[in-house]
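A.B. asks: Structure below; questions to follow.
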Amino acid sequence: MIFTETKLQGAFIVDVERRRDDRGFFGRAFCRHEFQDLGLEADVAQTNVGVSVKRGTVRGMHFQYPPAVEAKLVRCMHGAILDVIVDLRPESSTFLEHVAVELSGENQRALYIPGRFAHGYQTLQDETAILYQASTFYAPGAEGGLRYDDPRLNIAWPLSVAAVSDKDSNFDLLETLEGKLAARMSPARPEAVGILS
């Protein structure tokens with residue numbers, strides 16, 4: 001695998017190192033040892049799939065609060081998405097900054113998302129399917145979210161939004177959420193000591 005760190009420390013683009021022949025290619029999509037060698041979370045508690053039927057669908061921006069923070073490895077298996085992550089680590093020099101990466105069935109690229117990050121995406125094609133591995137089990141009581149259209153985030157979604165859930169549309173804006181978010185995501189809090197804090 002080929003790991004390229006983004007401007008958000010600890011978040012990596014992960015490319016498959018392809019072994020090609022006349023049949024196509026073969027490559028490793030995940031290796032515990034390679035992730036551990038980089039100090040990345042390598043435990044997988046859940047593997048999830050999601051399919052969006054409409055081009056322009058937005059999902060996110062989702063995260064879990066400590067102590068249930070989760071690292072994710074997201075890959076688009078069919079179609080294409082613009083995958084967006086936001087740094088929610090208040091001690092980070094890139095707090096509330098984001099990175100956007102195109103993932104597609106064609107490029108077979110993945111995005112490694114550390115704990116204490118928000119994650120969301122927009123589908124760029126109809127019938128798009130994603131697969132992601134999460135280091136922690138889904139914890140409904142710990143879930144949180146940012147508005148995908150929050151002006152403070154200034155995310156440039158490439159398409160008009162064709163579909164978004166009511167839940168994702170009704171997260172609080174950062175102007176009311178930021179103080180509480182920073183306090184709950186602080187590594188100084190005992191309950192914030194999670195897998196990647």
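Each chain in the structure tokens gets a letter, A, B and so on, in the order shown; residues start at 1 in every chain, and ligands are counted from 1 in the order they appear.
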I want to know what sits within 8 Å of segment 50-66 of chain A, based on only C-alpha atoms, with residues of the same chain fewer than 3 positions away left out; could you give that as an MDAnalysis selection string?
C.D. replies: chainID A and resid 69:70 85 116:131 139 142:148 159:165 168 184:185 191:194
A.B. asks: May I have the residues within 9 Å of Gly105 of chain A as an mmCIF file with C-alpha atoms, in the first residue's frame, using only C-alpha atoms and disregarding those fewer than 2 positions away in the same chain?
C.D. replies:
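Here's the written file part.cif:
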```cif
data_model
loop_
_atom_site.group_PDB
_atom_site.id
_atom_site.type_symbol
_atom_site.label_atom_id
_atom_site.label_comp_id
_atom_site.auth_asym_id
_atom_site.auth_seq_id
_atom_site.Cartn_x
_atom_site.Cartn_y
_atom_site.Cartn_z
ATOM 1 C CA ARG A 75 -13.218 3.195 0.232
ATOM 2 C CA CYS A 76 -15.599 3.684 -2.701
ATOM 3 C CA MET A 77 -16.272 0.326 -4.345
ATOM 4 C CA HIS A 78 -18.523 1.492 -7.182
ATOM 5 C CA GLY A 79 -19.175 4.963 -8.540
ATOM 6 C CA ALA A 80 -17.411 7.961 -7.002
ATOM 7 C CA LEU A 103 -12.557 8.174 -3.970
ATOM 8 C CA ASN A 107 -8.994 4.719 -8.487
ATOM 9 C CA GLN A 108 -9.498 2.219 -5.617
ATOM 10 C CA ARG A 109 -8.190 4.907 -3.255
ATOM 11 C CA THR A 128 -22.471 4.718 -5.661
ATOM 12 C CA ALA A 129 -21.350 2.176 -3.052
ATOM 13 C CA ILE A 130 -18.886 2.707 -0.233
#
```
A.B. asks: Smallest atom-to-atom distance to Leu174 of chain A: which of A:Pro67, A:Pro187, A:Pro151, A:Pro114, using only C-alpha atoms?
C.D. replies: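 Of the candidates, the smallest distance to Leu174 of chain A is held by A:Pro151.
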A.B. asks: Pick out the residues sitting within 9 Å of segment 36-44 of chain A, and hand them over as a short mmCIF file (atom, residue, chain, number, x, y, z; two decimals) with C-alpha atoms, in the first residue's frame; count only C-alpha atoms, and ignore anything fewer than 2 positions along from it in its own chain.
C.D. replies:
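New file around-v4.cif:
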```
data_model
loop_
_atom_site.label_atom_id
_atom_site.label_comp_id
_atom_site.auth_asym_id
_atom_site.auth_seq_id
_atom_site.Cartn_x
_atom_site.Cartn_y
_atom_site.Cartn_z
CA GLY A 10 -2.62 11.52 11.05
CA CYS A 31 -2.63 -4.76 6.25
CA ARG A 32 -2.56 -4.57 10.04
CA HIS A 33 1.24 -4.50 10.11
CA GLU A 34 1.54 -1.61 7.66
CA GLN A 46 -17.17 -3.11 12.22
CA THR A 47 -17.23 -3.07 8.45
CA ALA A 71 -10.94 5.69 13.27
CA LYS A 72 -12.25 4.81 9.81
CA TYR A 112 -7.79 6.80 6.64
CA PRO A 114 -8.24 9.22 12.71
CA GLY A 115 -10.46 9.41 15.77
CA GLN A 133 -14.01 -0.21 8.39
CA ALA A 134 -14.41 1.33 11.84
CA SER A 135 -12.18 0.76 14.85
CA THR A 136 -15.02 1.09 17.37
CA PHE A 137 -18.59 -0.15 17.49
CA ILE A 195 -8.02 4.84 20.61
CA LEU A 196 -6.42 7.81 18.90
#
```
